[in-house]
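Chemist: Sending over my_file14.cif (mmCIF, C-alpha atoms).
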```cif
data_protein
loop_
_atom_site.label_atom_id
_atom_site.label_comp_id
_atom_site.auth_asym_id
_atom_site.auth_seq_id
_atom_site.Cartn_x
_atom_site.Cartn_y
_atom_site.Cartn_z
CA MET A 1 43.22 9.90 300.62
CA GLU A 2 43.94 13.00 298.64
CA SER A 3 42.80 13.50 295.06
CA VAL A 4 45.27 12.89 292.26
CA TRP A 5 45.41 16.55 291.32
CA SER A 6 46.17 17.80 294.79
CA ILE A 7 49.06 15.31 294.88
CA VAL A 8 50.34 16.62 291.55
CA ARG A 9 49.90 20.21 292.65
CA LEU A 10 51.82 19.57 295.86
CA SER A 11 54.60 17.78 293.96
CA LEU A 12 55.01 20.69 291.56
CA LEU A 13 55.01 23.14 294.47
CA VAL A 14 57.63 21.17 296.41
CA GLY A 15 59.75 20.59 293.28
CA GLY A 16 59.42 24.19 292.09
CA VAL A 17 60.22 25.79 295.43
CA GLY A 18 63.03 23.31 296.05
CA THR A 19 64.56 24.16 292.68
CA LEU A 20 64.22 27.92 293.17
CA ALA A 21 65.78 27.61 296.61
CA VAL A 22 68.72 25.52 295.49
CA LEU A 23 69.69 27.51 292.37
CA PRO A 24 71.25 30.61 293.97
CA VAL A 25 73.13 28.48 296.50
CA ALA A 26 74.27 26.08 293.77
CA PHE A 27 75.43 28.99 291.61
CA LEU A 28 77.52 30.53 294.38
CA LEU A 29 79.10 27.18 295.24
CA ALA A 30 79.72 26.37 291.57
CA TYR A 31 81.31 29.78 291.07
CA ALA A 32 83.56 29.30 294.09
CA LEU A 33 84.62 25.85 292.89
CA ALA A 34 85.11 26.89 289.26
CA ARG A 35 86.94 30.17 289.87
CA GLY A 36 88.13 30.22 293.45
CA ARG A 37 91.50 29.07 294.76
CA PHE A 38 91.17 28.68 298.48
CA PRO A 39 92.17 26.15 301.13
CA GLY A 40 89.51 23.52 301.72
CA ARG A 41 88.23 23.68 298.15
CA THR A 42 88.46 19.91 297.71
CA LEU A 43 86.74 19.35 301.04
CA LEU A 44 83.91 21.71 300.04
CA ASP A 45 83.57 19.85 296.75
CA ALA A 46 83.30 16.55 298.62
CA LEU A 47 80.75 17.92 301.11
CA ILE A 48 78.55 19.19 298.28
CA HIS A 49 78.61 15.76 296.68
CA LEU A 50 77.67 13.91 299.88
CA PRO A 51 73.89 13.83 299.24
CA LEU A 52 74.64 12.09 295.96
CA VAL A 53 76.49 9.18 297.55
CA VAL A 54 75.08 8.92 301.09
CA PRO A 55 71.85 6.88 301.40
CA PRO A 56 68.97 9.40 301.15
CA VAL A 57 67.60 8.08 304.42
CA VAL A 58 70.76 9.28 306.13
CA THR A 59 70.43 12.73 304.57
CA GLY A 60 66.82 12.84 305.78
CA TRP A 61 67.89 11.78 309.25
CA VAL A 62 70.57 14.49 309.40
CA LEU A 63 67.95 17.05 308.36
CA LEU A 64 65.60 15.70 311.01
CA ILE A 65 68.21 16.14 313.73
CA ALA A 66 69.21 19.60 312.52
CA PHE A 67 65.68 20.92 312.07
CA ALA A 68 63.96 19.24 315.01
CA PRO A 69 62.48 21.74 317.53
CA ALA A 70 65.47 21.12 319.79
CA GLY A 71 67.95 20.89 316.91
CA PRO A 72 70.79 23.34 316.16
CA ILE A 73 68.86 24.97 313.29
CA GLY A 74 65.27 24.00 314.07
CA GLY A 75 65.52 25.41 317.60
CA PRO A 76 66.45 29.01 316.71
CA LEU A 77 64.09 28.87 313.70
CA GLU A 78 61.16 28.06 315.95
CA ARG A 79 62.15 30.41 318.77
CA TRP A 80 62.87 33.48 316.67
CA PHE A 81 60.54 33.09 313.73
CA GLY A 82 57.96 30.56 314.96
CA VAL A 83 58.75 28.47 311.91
CA THR A 84 59.05 24.72 311.79
CA LEU A 85 59.78 22.61 308.73
CA LEU A 86 58.93 19.28 310.29
CA PHE A 87 55.97 17.51 308.67
CA ARG A 88 55.45 20.54 306.44
CA TRP A 89 55.67 20.89 302.65
CA THR A 90 58.42 23.46 303.19
CA GLY A 91 60.46 20.68 304.81
CA ALA A 92 59.80 18.47 301.78
CA ALA A 93 61.05 21.32 299.55
CA LEU A 94 64.17 21.64 301.71
CA ALA A 95 64.86 17.88 301.47
CA ALA A 96 64.39 18.09 297.70
CA ALA A 97 66.74 21.08 297.50
CA VAL A 98 69.48 19.37 299.50
CA MET A 99 69.23 16.22 297.39
CA ALA A 100 69.31 18.28 294.18
CA LEU A 101 72.28 20.43 295.24
CA PRO A 102 75.12 18.22 293.90
CA LEU A 103 73.48 17.84 290.48
CA ALA A 104 72.81 21.56 290.15
CA VAL A 105 76.33 22.49 291.27
CA ARG A 106 77.90 20.05 288.80
CA ALA A 107 75.94 21.31 285.82
CA ILE A 108 76.54 24.99 286.61
CA ARG A 109 80.20 24.45 287.41
CA LEU A 110 80.85 22.67 284.12
CA SER A 111 79.26 25.50 282.15
CA LEU A 112 81.16 28.14 284.15
CA GLU A 113 84.42 26.34 283.44
CA SER A 114 83.63 26.31 279.73
CA VAL A 115 83.14 30.09 279.60
CA ASP A 116 86.06 31.55 277.65
CA ARG A 117 87.84 33.83 280.12
CA ARG A 118 89.44 35.69 277.23
CA LEU A 119 86.00 37.07 276.40
CA GLU A 120 85.80 38.44 279.93
CA ASP A 121 89.22 40.04 279.37
CA ALA A 122 87.90 41.62 276.17
CA ALA A 123 84.91 43.03 278.07
CA ARG A 124 87.23 44.53 280.70
CA THR A 125 89.34 46.32 278.10
CA LEU A 126 86.08 47.78 276.77
CA GLY A 127 85.43 49.40 280.13
CA ALA A 128 83.25 46.79 281.85
CA GLY A 129 83.93 46.34 285.56
CA ARG A 130 83.60 43.02 287.37
CA TRP A 131 79.85 43.16 287.86
CA ARG A 132 79.02 44.26 284.33
CA THR A 133 81.36 41.63 282.90
CA PHE A 134 79.66 38.99 285.00
CA ARG A 135 76.16 40.14 284.11
CA THR A 136 76.68 40.66 280.38
CA ILE A 137 79.29 38.03 279.48
CA THR A 138 79.77 35.29 282.08
CA LEU A 139 76.14 34.77 283.05
CA PRO A 140 74.65 34.68 279.53
CA LEU A 141 77.41 32.34 278.35
CA CYS A 142 76.84 29.86 281.17
CA TRP A 143 73.07 30.23 281.09
CA PRO A 144 72.42 26.95 279.25
CA GLY A 145 74.27 25.19 282.07
CA VAL A 146 72.16 26.98 284.68
CA LEU A 147 69.03 25.81 282.86
CA ALA A 148 70.39 22.28 282.70
CA GLY A 149 71.13 22.46 286.42
CA ALA A 150 67.61 23.72 287.12
CA THR A 151 66.07 20.88 285.10
CA LEU A 152 68.16 18.25 286.83
CA ALA A 153 67.32 19.77 290.20
CA PHE A 154 63.61 19.84 289.40
CA ALA A 155 63.65 16.24 288.16
CA ARG A 156 65.56 15.14 291.23
CA ALA A 157 63.16 17.07 293.47
CA LEU A 158 60.10 15.46 291.86
CA GLY A 159 61.54 12.00 292.43
CA GLU A 160 62.80 12.57 295.95
CA PHE A 161 61.64 9.84 298.32
CA GLY A 162 64.06 8.64 300.98
CA ALA A 163 65.17 11.92 302.52
CA THR A 164 61.65 13.34 302.34
CA ILE A 165 59.87 10.47 304.08
CA THR A 166 62.55 10.33 306.77
CA PHE A 167 62.58 14.09 307.39
CA VAL A 168 58.93 15.13 307.04
CA SER A 169 57.15 11.77 306.96
CA ASN A 170 54.17 11.06 304.70
CA VAL A 171 51.42 13.52 305.55
CA PRO A 172 48.66 13.47 302.90
CA GLY A 173 48.02 16.94 301.56
CA GLU A 174 51.16 18.35 303.22
CA THR A 175 54.18 16.22 302.36
CA GLU A 176 52.70 13.44 300.23
CA THR A 177 54.38 14.07 296.87
CA LEU A 178 54.07 11.74 293.86
CA PRO A 179 56.67 9.15 294.90
CA LEU A 180 55.32 9.01 298.44
CA ALA A 181 51.76 8.71 297.18
CA ILE A 182 52.75 5.92 294.81
CA TYR A 183 54.48 4.06 297.62
CA ALA A 184 51.47 4.51 299.91
CA ALA A 185 49.08 3.33 297.18
CA LEU A 186 51.22 0.25 296.62
CA GLN A 187 50.75 -0.70 300.28
CA ARG A 188 46.95 -0.62 299.97
CA PRO A 189 44.96 -3.50 298.54
CA GLY A 190 43.35 -2.32 295.30
CA GLY A 191 45.69 0.65 294.98
CA GLU A 192 47.14 -0.46 291.59
CA ASP A 193 44.77 1.72 289.66
CA LEU A 194 46.01 4.84 291.43
CA VAL A 195 49.63 3.72 291.08
CA TRP A 196 49.21 3.50 287.30
CA ARG A 197 47.74 6.96 287.09
CA LEU A 198 50.32 8.57 289.37
CA ALA A 199 53.20 6.83 287.60
CA ALA A 200 51.94 8.00 284.20
CA ILE A 201 51.66 11.57 285.49
CA SER A 202 55.22 11.40 286.90
CA VAL A 203 56.59 10.31 283.55
CA ALA A 204 54.60 13.01 281.74
CA ILE A 205 55.80 15.81 284.03
CA SER A 206 59.43 14.72 283.74
CA LEU A 207 59.18 14.52 279.97
CA VAL A 208 57.66 18.00 279.71
CA ALA A 209 60.34 19.39 282.03
CA LEU A 210 63.09 17.90 279.86
CA LEU A 211 61.57 19.23 276.64
CA VAL A 212 61.08 22.72 278.07
CA SER A 213 64.65 22.85 279.31
CA GLU A 214 66.00 21.64 275.98
CA TRP A 215 64.00 24.35 274.22
CA LEU A 216 65.19 27.04 276.63
CA ALA A 217 68.80 25.88 276.33
CA ARG A 218 68.59 26.10 272.54
CA ARG A 219 67.13 29.57 272.68
CA ALA A 220 69.75 30.71 275.17
CA GLY A 221 72.51 29.00 273.21
CA ARG A 222 71.69 30.63 269.87
CA GLY A 223 75.10 32.07 269.26
CA VAL A 224 77.03 30.49 272.05
CA HIS A 225 78.56 27.34 270.68
CA VAL A 226 80.66 28.70 267.85
CA LEU A 227 83.10 31.54 268.34
CA MET B 1 105.58 60.66 274.16
CA SER B 2 103.37 57.74 273.19
CA PHE B 3 104.65 54.65 274.97
CA ASP B 4 107.07 54.37 277.88
CA ILE B 5 107.24 50.68 278.68
CA ASP B 6 109.63 48.76 280.91
CA VAL B 7 108.25 45.44 282.07
CA THR B 8 109.48 42.07 283.25
CA LEU B 9 107.28 39.06 283.79
CA ARG B 10 108.26 35.50 284.60
CA ARG B 11 105.83 32.92 283.26
CA GLY B 12 106.95 29.46 284.25
CA ASP B 13 110.38 29.00 282.71
CA ALA B 14 109.98 31.84 280.24
CA LEU B 15 110.96 35.40 280.92
CA VAL B 16 109.08 38.17 279.13
CA ALA B 17 110.95 41.44 279.18
CA THR B 18 110.98 44.58 277.08
CA ALA B 19 111.83 48.22 277.58
CA PHE B 20 111.41 51.15 275.24
CA VAL B 21 110.44 54.79 275.17
CA ALA B 22 108.78 56.01 271.99
CA GLU B 23 108.04 59.52 270.81
CA GLU B 24 106.40 58.29 267.61
CA GLN B 25 102.63 57.84 267.41
CA ALA B 26 102.84 54.35 265.91
CA VAL B 27 105.14 51.71 267.33
CA ALA B 28 105.64 48.16 266.11
CA LEU B 29 106.70 45.39 268.46
CA VAL B 30 108.50 42.78 266.39
CA GLY B 31 109.88 39.41 267.33
CA PRO B 32 109.63 35.68 266.77
CA SER B 33 106.57 33.87 268.04
CA GLY B 34 106.75 32.75 271.64
CA VAL B 35 108.86 35.68 272.80
CA GLY B 36 105.93 37.18 274.69
CA LYS B 37 104.70 40.00 272.48
CA THR B 38 101.07 39.35 273.35
CA SER B 39 101.97 39.26 277.05
CA VAL B 40 103.40 42.76 276.68
CA LEU B 41 100.11 43.96 275.16
CA ASP B 42 98.23 42.25 278.00
CA MET B 43 100.40 44.07 280.53
CA ILE B 44 99.74 47.41 278.83
CA ALA B 45 96.00 46.67 278.76
CA GLY B 46 96.02 45.68 282.43
CA LEU B 47 95.11 42.03 281.84
CA LEU B 48 98.47 40.85 283.18
CA ARG B 49 100.52 42.40 285.94
CA PRO B 50 104.27 42.60 285.40
CA ASP B 51 106.53 41.41 288.19
CA ARG B 52 108.55 44.56 287.87
CA GLY B 53 108.55 47.77 285.89
CA HIS B 54 106.15 50.40 284.63
CA VAL B 55 103.68 51.16 281.85
CA ARG B 56 103.08 54.76 280.79
CA VAL B 57 101.00 55.65 277.77
CA GLY B 58 100.55 59.21 276.54
CA GLY B 59 102.10 60.43 279.78
CA ARG B 60 99.55 58.57 281.93
CA VAL B 61 100.90 56.07 284.47
CA LEU B 62 98.97 52.80 284.12
CA THR B 63 101.32 50.52 286.04
CA ASP B 64 104.16 51.34 288.36
CA ARG B 65 105.16 48.36 290.47
CA ALA B 66 107.59 50.34 292.59
CA ALA B 67 104.92 52.92 293.45
CA ARG B 68 102.22 50.24 293.71
CA VAL B 69 100.14 51.82 290.98
CA GLU B 70 97.92 49.48 288.98
CA VAL B 71 95.04 51.06 287.06
CA PRO B 72 92.41 48.34 286.57
CA ALA B 73 91.87 47.13 283.01
CA HIS B 74 88.40 48.64 282.71
CA HIS B 75 89.69 52.11 283.53
CA ARG B 76 92.64 52.08 281.12
CA ARG B 77 90.70 52.97 277.98
CA ALA B 78 92.76 50.59 275.85
CA GLY B 79 91.46 49.94 272.36
CA TYR B 80 92.69 46.37 272.27
CA VAL B 81 92.16 44.41 269.06
CA PHE B 82 92.93 40.80 269.90
CA GLN B 83 94.45 38.45 267.37
CA ASP B 84 91.42 36.16 267.70
CA ALA B 85 88.90 39.07 267.53
CA ARG B 86 87.08 37.80 270.67
CA LEU B 87 83.67 38.97 269.57
CA PHE B 88 80.98 38.10 272.11
CA PRO B 89 79.22 35.09 270.58
CA HIS B 90 75.87 35.76 272.26
CA LEU B 91 75.59 39.35 270.97
CA ASP B 92 74.98 40.35 267.38
CA VAL B 93 77.47 42.57 265.56
CA ARG B 94 75.63 45.77 266.48
CA ARG B 95 75.63 44.96 270.19
CA ASN B 96 79.26 43.84 270.00
CA LEU B 97 80.18 47.20 268.49
CA LEU B 98 78.20 49.12 271.10
CA TYR B 99 79.43 47.08 274.07
CA GLY B 100 81.97 49.65 275.20
CA ALA B 101 80.56 52.61 273.29
CA LYS B 102 80.38 55.96 275.03
CA ASP B 103 78.70 57.60 272.07
CA ALA B 104 76.38 55.32 270.08
CA ALA B 105 75.92 58.05 267.47
CA ARG B 106 79.38 57.26 266.12
CA LEU B 107 78.29 53.74 265.20
CA ALA B 108 77.15 54.61 261.69
CA THR B 109 80.31 56.56 260.85
CA ILE B 110 82.69 53.93 262.14
CA ALA B 111 80.73 51.04 260.62
CA ALA B 112 80.81 52.77 257.26
CA SER B 113 84.51 53.53 257.42
CA LEU B 114 85.31 49.88 258.26
CA ASP B 115 82.88 48.57 255.64
CA ILE B 116 80.87 46.59 258.17
CA ALA B 117 77.59 48.54 258.01
CA HIS B 118 75.91 45.64 256.18
CA LEU B 119 76.91 43.18 258.95
CA LEU B 120 75.22 44.88 261.90
CA ASP B 121 72.41 42.35 262.32
CA ARG B 122 74.59 39.27 261.83
CA TRP B 123 75.88 36.97 264.54
CA PRO B 124 79.64 36.69 265.04
CA ARG B 125 79.65 33.02 264.02
CA ALA B 126 78.38 34.05 260.58
CA LEU B 127 81.35 36.36 259.89
CA SER B 128 84.49 35.57 257.94
CA GLY B 129 87.84 36.03 259.67
CA GLY B 130 88.43 39.38 257.98
CA GLU B 131 84.95 40.64 258.82
CA ALA B 132 85.31 39.58 262.45
CA ARG B 133 88.59 41.47 262.67
CA ARG B 134 87.06 44.64 261.23
CA VAL B 135 84.21 44.38 263.72
CA ALA B 136 86.78 43.94 266.51
CA ILE B 137 88.58 47.10 265.33
CA GLY B 138 85.26 48.94 265.24
CA ARG B 139 84.37 47.76 268.73
CA ALA B 140 87.71 49.00 270.06
CA LEU B 141 87.39 52.38 268.31
CA LEU B 142 83.83 52.91 269.56
CA SER B 143 84.93 52.41 273.16
CA ASP B 144 86.54 55.84 272.91
CA PRO B 145 90.06 54.58 273.63
CA GLU B 146 93.08 56.66 274.58
CA PHE B 147 95.45 54.31 272.74
CA LEU B 148 95.28 51.32 270.42
CA LEU B 149 96.81 47.87 270.77
CA LEU B 150 96.73 45.66 267.68
CA ASP B 151 97.82 42.04 268.01
CA GLU B 152 98.96 40.53 264.70
CA PRO B 153 96.23 42.30 262.73
CA LEU B 154 97.50 40.94 259.41
CA SER B 155 98.08 37.30 260.25
CA SER B 156 96.17 34.65 258.33
CA LEU B 157 95.24 36.99 255.48
CA ASP B 158 96.10 36.31 251.85
CA ALA B 159 98.19 38.86 249.90
CA LEU B 160 95.23 40.81 248.54
CA ARG B 161 93.41 41.04 251.87
CA ARG B 162 96.67 41.93 253.54
CA GLU B 163 97.11 45.00 251.39
CA GLU B 164 93.51 46.01 252.13
CA ALA B 165 94.02 45.50 255.86
CA MET B 166 97.24 47.52 255.84
CA ARG B 167 95.47 50.44 254.22
CA LEU B 168 92.73 50.13 256.80
CA ILE B 169 95.24 50.27 259.66
CA GLU B 170 96.96 53.27 258.09
CA ARG B 171 93.60 54.99 257.91
CA VAL B 172 92.71 54.12 261.52
CA ARG B 173 96.15 55.32 262.61
CA ASP B 174 95.87 58.66 260.79
CA ASP B 175 92.18 59.34 261.47
CA SER B 176 92.30 58.53 265.18
CA GLY B 177 95.68 60.11 265.86
CA LEU B 178 95.93 57.84 268.92
CA PRO B 179 99.13 56.21 270.16
CA LEU B 180 99.21 52.82 268.50
CA LEU B 181 101.19 49.73 269.38
CA LEU B 182 101.16 46.96 266.81
CA VAL B 183 102.49 43.48 267.36
CA THR B 184 103.76 41.53 264.39
CA HIS B 185 106.43 39.04 263.36
CA ASP B 186 106.78 40.62 259.92
CA GLU B 187 109.48 43.32 259.73
CA ARG B 188 108.31 44.80 256.43
CA GLU B 189 104.77 45.16 257.67
CA ALA B 190 106.11 46.83 260.82
CA GLU B 191 108.26 49.29 258.91
CA ARG B 192 105.49 50.27 256.57
CA LEU B 193 102.87 50.89 259.29
CA CYS B 194 104.96 52.29 262.10
CA ALA B 195 107.54 55.03 262.38
CA ARG B 196 109.26 53.16 265.17
CA VAL B 197 110.13 49.47 265.34
CA VAL B 198 111.01 47.80 268.64
CA ARG B 199 112.54 44.32 268.55
CA MET B 200 111.98 41.74 271.25
#
```
Mind turning the file's structure into structure tokens?
Modeler:
Amino acid sequence: MESVWSIVRLSLLVGGVGTLAVLPVAFLLAYALARGRFPGRTLLDALIHLPLVVPPVVTGWVLLIAFAPAGPIGGPLERWFGVTLLFRWTGAALAAAVMALPLAVRAIRLSLESVDRRLEDAARTLGAGRWRTFRTITLPLCWPGVLAGATLAFARALGEFGATITFVSNVPGETETLPLAIYAALQRPGGEDLVWRLAAISVAISLVALLVSEWLARRAGRGVHVL
Amino acid sequence: MSFDIDVTLRRGDALVATAFVAEEQAVALVGPSGVGKTSVLDMIAGLLRPDRGHVRVGGRVLTDRAARVEVPAHHRRAGYVFQDARLFPHLDVRRNLLYGAKDAARLATIAASLDIAHLLDRWPRALSGGEARRVAIGRALLSDPEFLLLDEPLSSLDALRREEAMRLIERVRDDSGLPLLLVTHDEREAERLCARVVRM
């Protein structure tokens, strides 16, 4: 059995990397959904939301098939880069990222849709091209939503259980994050003590994450809410 | 020649259309609300593309649908003062003013002439309507524009403020010497500020 702190450390690593991995993807998808008009937009929206409604075990199973050594993604990954995600913490981070994707996309999309496009027009008349307008107007104005998306993604990643245990199994020290460790401890006679401690730590981490994100959102939102 | 405009744009059921050639520096576009005056300014600024027609300002072709010319908005050098000011809420007044500035050294002069020098460290949300509008004018002037577009610059001001604002616009008009197109629904205002009045 691993020590409590190595479990916490692994959980933060998996949650942190999962969040960092999902954010750029979520932003691009949210931008496409908020601003784009293209065929298949509704279908894309539905696909993004699938991990939210499909049983996590199914998501984990799909990942397992895709990333298995003979799978459509796992095969090339192993052949060309010698990388495998199976039974690795990187796989746990991927499962967390996939499960967090719909929440992150939703939060970022909502904030993008609330950005006043007339301000972007004003920036353009002042000589700002697309990229500068995006960087100096759109992104700062939707930043609180990006932070909210990151917090939700991180919280979701920390709590991820079903997809993770299906995809990368429960390997102590490699894929045994807080929820998996709690579940494993519950199966052992005399494990209640550990369950209490791990559960308390889970609540504490989530609470801190929420408070930090609230603080960041307030800082970022200083002037944003009133025109 | 200041403005040579001939544009048509269908928006839903409404048709926005105007055509005029002006030699005068200052031109007022007058008409009842809903006739599409702001859409005309947007087409001149490059924010809207007309279905048909052309936009030439100071001899420069900005839009020519027949010749497929469409200068993008950020290359038009329009000093556009929107009716709702549109200050960037996440930037303080100083950074709003400097957003499009080519020459930051002009900040002090322009801020002083618009009486906004004491507002530089404030946030837009802490400005009154009149202050926000003066900052918006300053921001447009600092972007080194080739022409000015003013959308209802005197609306929602009481009589006293209105007189002040009119003097300010006269000063901006005469000091800058730039072609100026002003949108208003008030004929008297138009005739006082502009040598040429176009009705829509």
Chemist: State, in Å with one decimal place, the distance from CA of Arg77 (chain B) to CA of Gly130 (chain B).
Modeler: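 Those two atoms sit 24.3 Å apart.
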Chemist: Residues of chain B within 9 Å of chain A: nearest atom pair and distance (Å, one decimal) for each, counting only C-alpha atoms, sorted by chain and number, as JSON lines?
Modeler:
```
{"residue": "B:Ala45", "atom": "CA", "partner": "A:Thr125", "partner_atom": "CA", "distance": 6.7}
{"residue": "B:Gly46", "atom": "CA", "partner": "A:Thr125", "partner_atom": "CA", "distance": 8.0}
{"residue": "B:Leu47", "atom": "CA", "partner": "A:Asp121", "partner_atom": "CA", "distance": 6.7}
{"residue": "B:Pro72", "atom": "CA", "partner": "A:Arg124", "partner_atom": "CA", "distance": 8.7}
{"residue": "B:Ala73", "atom": "CA", "partner": "A:Thr125", "partner_atom": "CA", "distance": 5.6}
{"residue": "B:His74", "atom": "CA", "partner": "A:Gly127", "partner_atom": "CA", "distance": 4.0}
{"residue": "B:His75", "atom": "CA", "partner": "A:Gly127", "partner_atom": "CA", "distance": 6.1}
{"residue": "B:Arg76", "atom": "CA", "partner": "A:Thr125", "partner_atom": "CA", "distance": 7.3}
{"residue": "B:Arg77", "atom": "CA", "partner": "A:Gly127", "partner_atom": "CA", "distance": 6.7}
{"residue": "B:Ala78", "atom": "CA", "partner": "A:Thr125", "partner_atom": "CA", "distance": 5.9}
{"residue": "B:Gly79", "atom": "CA", "partner": "A:Thr125", "partner_atom": "CA", "distance": 7.1}
{"residue": "B:Tyr80", "atom": "CA", "partner": "A:Thr125", "partner_atom": "CA", "distance": 6.7}
{"residue": "B:Val81", "atom": "CA", "partner": "A:Ala122", "partner_atom": "CA", "distance": 8.7}
{"residue": "B:Phe82", "atom": "CA", "partner": "A:Ala122", "partner_atom": "CA", "distance": 8.1}
{"residue": "B:Arg86", "atom": "CA", "partner": "A:Leu119", "partner_atom": "CA", "distance": 5.9}
{"residue": "B:Leu87", "atom": "CA", "partner": "A:Leu119", "partner_atom": "CA", "distance": 7.5}
{"residue": "B:Phe88", "atom": "CA", "partner": "A:Leu119", "partner_atom": "CA", "distance": 6.7}
{"residue": "B:Pro89", "atom": "CA", "partner": "A:Gly223", "partner_atom": "CA", "distance": 5.3}
{"residue": "B:His90", "atom": "CA", "partner": "A:Gly223", "partner_atom": "CA", "distance": 4.8}
{"residue": "B:Leu91", "atom": "CA", "partner": "A:Gly223", "partner_atom": "CA", "distance": 7.5}
{"residue": "B:Asp92", "atom": "CA", "partner": "A:Gly223", "partner_atom": "CA", "distance": 8.5}
{"residue": "B:Tyr99", "atom": "CA", "partner": "A:Leu126", "partner_atom": "CA", "distance": 7.2}
{"residue": "B:Gly100", "atom": "CA", "partner": "A:Leu126", "partner_atom": "CA", "distance": 4.8}
{"residue": "B:Ala101", "atom": "CA", "partner": "A:Leu126", "partner_atom": "CA", "distance": 8.1}
{"residue": "B:Trp123", "atom": "CA", "partner": "A:Gly223", "partner_atom": "CA", "distance": 6.8}
{"residue": "B:Pro124", "atom": "CA", "partner": "A:Leu227", "partner_atom": "CA", "distance": 7.0}
{"residue": "B:Arg125", "atom": "CA", "partner": "A:Leu227", "partner_atom": "CA", "distance": 5.7}
{"residue": "B:Arg139", "atom": "CA", "partner": "A:Leu126", "partner_atom": "CA", "distance": 8.2}
{"residue": "B:Ala140", "atom": "CA", "partner": "A:Leu126", "partner_atom": "CA", "distance": 7.0}
{"residue": "B:Ser143", "atom": "CA", "partner": "A:Leu126", "partner_atom": "CA", "distance": 6.0}
{"residue": "B:Asp144", "atom": "CA", "partner": "A:Leu126", "partner_atom": "CA", "distance": 8.9}
{"residue": "B:Pro145", "atom": "CA", "partner": "A:Leu126", "partner_atom": "CA", "distance": 8.5}
```
Chemist: Would you translate the PyMOL selection byres ((chain B and resi 194) around 6) into the concrete set of residues it matches in this file, as a ChimeraX atom specification?
Modeler: /B:26-28,190-193,195-196
Chemist: The selected residues should be written to file as a PDB file, in the coordinates of the input (atoms: C-alpha atoms).
Modeler:
```pdb
ATOM      1  CA  ALA B  26     102.840  54.350 265.910  1.00  0.00           C
ATOM      2  CA  VAL B  27     105.140  51.710 267.330  1.00  0.00           C
ATOM      3  CA  ALA B  28     105.640  48.160 266.110  1.00  0.00           C
ATOM      4  CA  ALA B 190     106.110  46.830 260.820  1.00  0.00           C
ATOM      5  CA  GLU B 191     108.260  49.290 258.910  1.00  0.00           C
ATOM      6  CA  ARG B 192     105.490  50.270 256.570  1.00  0.00           C
ATOM      7  CA  LEU B 193     102.870  50.890 259.290  1.00  0.00           C
ATOM      8  CA  ALA B 195     107.540  55.030 262.380  1.00  0.00           C
ATOM      9  CA  ARG B 196     109.260  53.160 265.170  1.00  0.00           C
TER      10      ARG B 196
END
```
Chemist: With the file shown as input, list the residues that the PyMOL selection byres ((chain A and resi 163) around 12) selects, as an NGL selection string.
Modeler: :A and (51-52 or 54-64 or 91-100 or 156-157 or 159-162 or 164-170 or 175 or 179-180)
Chemist: Specify as a list in words each residue included when the PyMOL selection byres ((chain B and resi 8) around 9) is applied to this file.
Modeler: Asp6, Val7, Leu9, Arg10, Leu15, Val16, Ala17, Thr18, Ala19, Val40, Pro50, Asp51, Arg52 and Gly53 of chain B
Chemist: So the first atom is CA of Asp103 (chain B) and the second is CA of Glu170 (chain B); what is the distance between them in Å, to one decimal place?
Modeler: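 Answer for the CA of Asp103 (chain B) to CA of Glu170 (chain B) separation: 23.4 Å.
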Chemist: Between CA of Ile48 (chain A) and CA of Ser11 (chain A), measure the distance and give it in Å to one decimal.
Modeler: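 Going from CA of Ile48 (chain A) over to CA of Ser11 (chain A) covers 24.4 Å.
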Chemist: Do a neighbour search on region 172-187 of chain B at 6 Å with all atoms listed in the file, toss out local chain neighbours closer than 6 positions, and write the hits as a tab-separated table (two decimals) with C-alpha atoms, in the coordinates of the input.
Modeler:
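Result saved to around_38.tsv:
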```
chain	number	residue	atom	x	y	z
B	2	SER	CA	103.37	57.74	273.19
B	25	GLN	CA	102.63	57.84	267.41
B	26	ALA	CA	102.84	54.35	265.91
B	27	VAL	CA	105.14	51.71	267.33
B	28	ALA	CA	105.64	48.16	266.11
B	29	LEU	CA	106.70	45.39	268.46
B	30	VAL	CA	108.50	42.78	266.39
B	31	GLY	CA	109.88	39.41	267.33
B	32	PRO	CA	109.63	35.68	266.77
B	147	PHE	CA	95.45	54.31	272.74
B	148	LEU	CA	95.28	51.32	270.42
B	149	LEU	CA	96.81	47.87	270.77
B	150	LEU	CA	96.73	45.66	267.68
B	151	ASP	CA	97.82	42.04	268.01
B	152	GLU	CA	98.96	40.53	264.70
```
Chemist: Leaving out region 195-209 of chain A and any residue of its chain fewer than 2 positions from it, which residues lie within 7 Å of it when counting all atoms listed in the file, given as a PyMOL selection string?
Modeler: chain A and resi 151+155+178+182+185-186+191-193+211-213
Chemist: For Arg94 (chain B), which of B:Val35, B:Leu48, B:Val61, B:Leu142 is the closest residue, counting all atoms listed in the file?
Modeler: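 Selected residue with least distance to Arg94 (chain B): B:Leu142.
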Chemist: What lies within 10 Å of Arg109 (chain A) using all atoms listed in the file, ignoring chain neighbours under 6 positions off, as a list in words?
Modeler: Ala26, Phe27, Leu28, Leu29, Ala30, Tyr31, Ala32, Leu33, Ala34, Arg35, Leu103, Cys142, Gly145, Val146 and Gly149 of chain A
Chemist: Using only C-alpha atoms, can you tell me which of B:Ala14, B:Ile5, B:Ala105, B:Val69 comes closest to Arg56 (chain B)?
Modeler: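 Looking only at the distances to Arg56 (chain B), the closest residue turns out to be B:Ile5.
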Chemist: Counting all atoms listed in the file, which of B:Glu146, B:Arg11, B:Ala66, B:Ile137 gets nearest to Ser39 (chain B)?
Modeler: B:Arg11
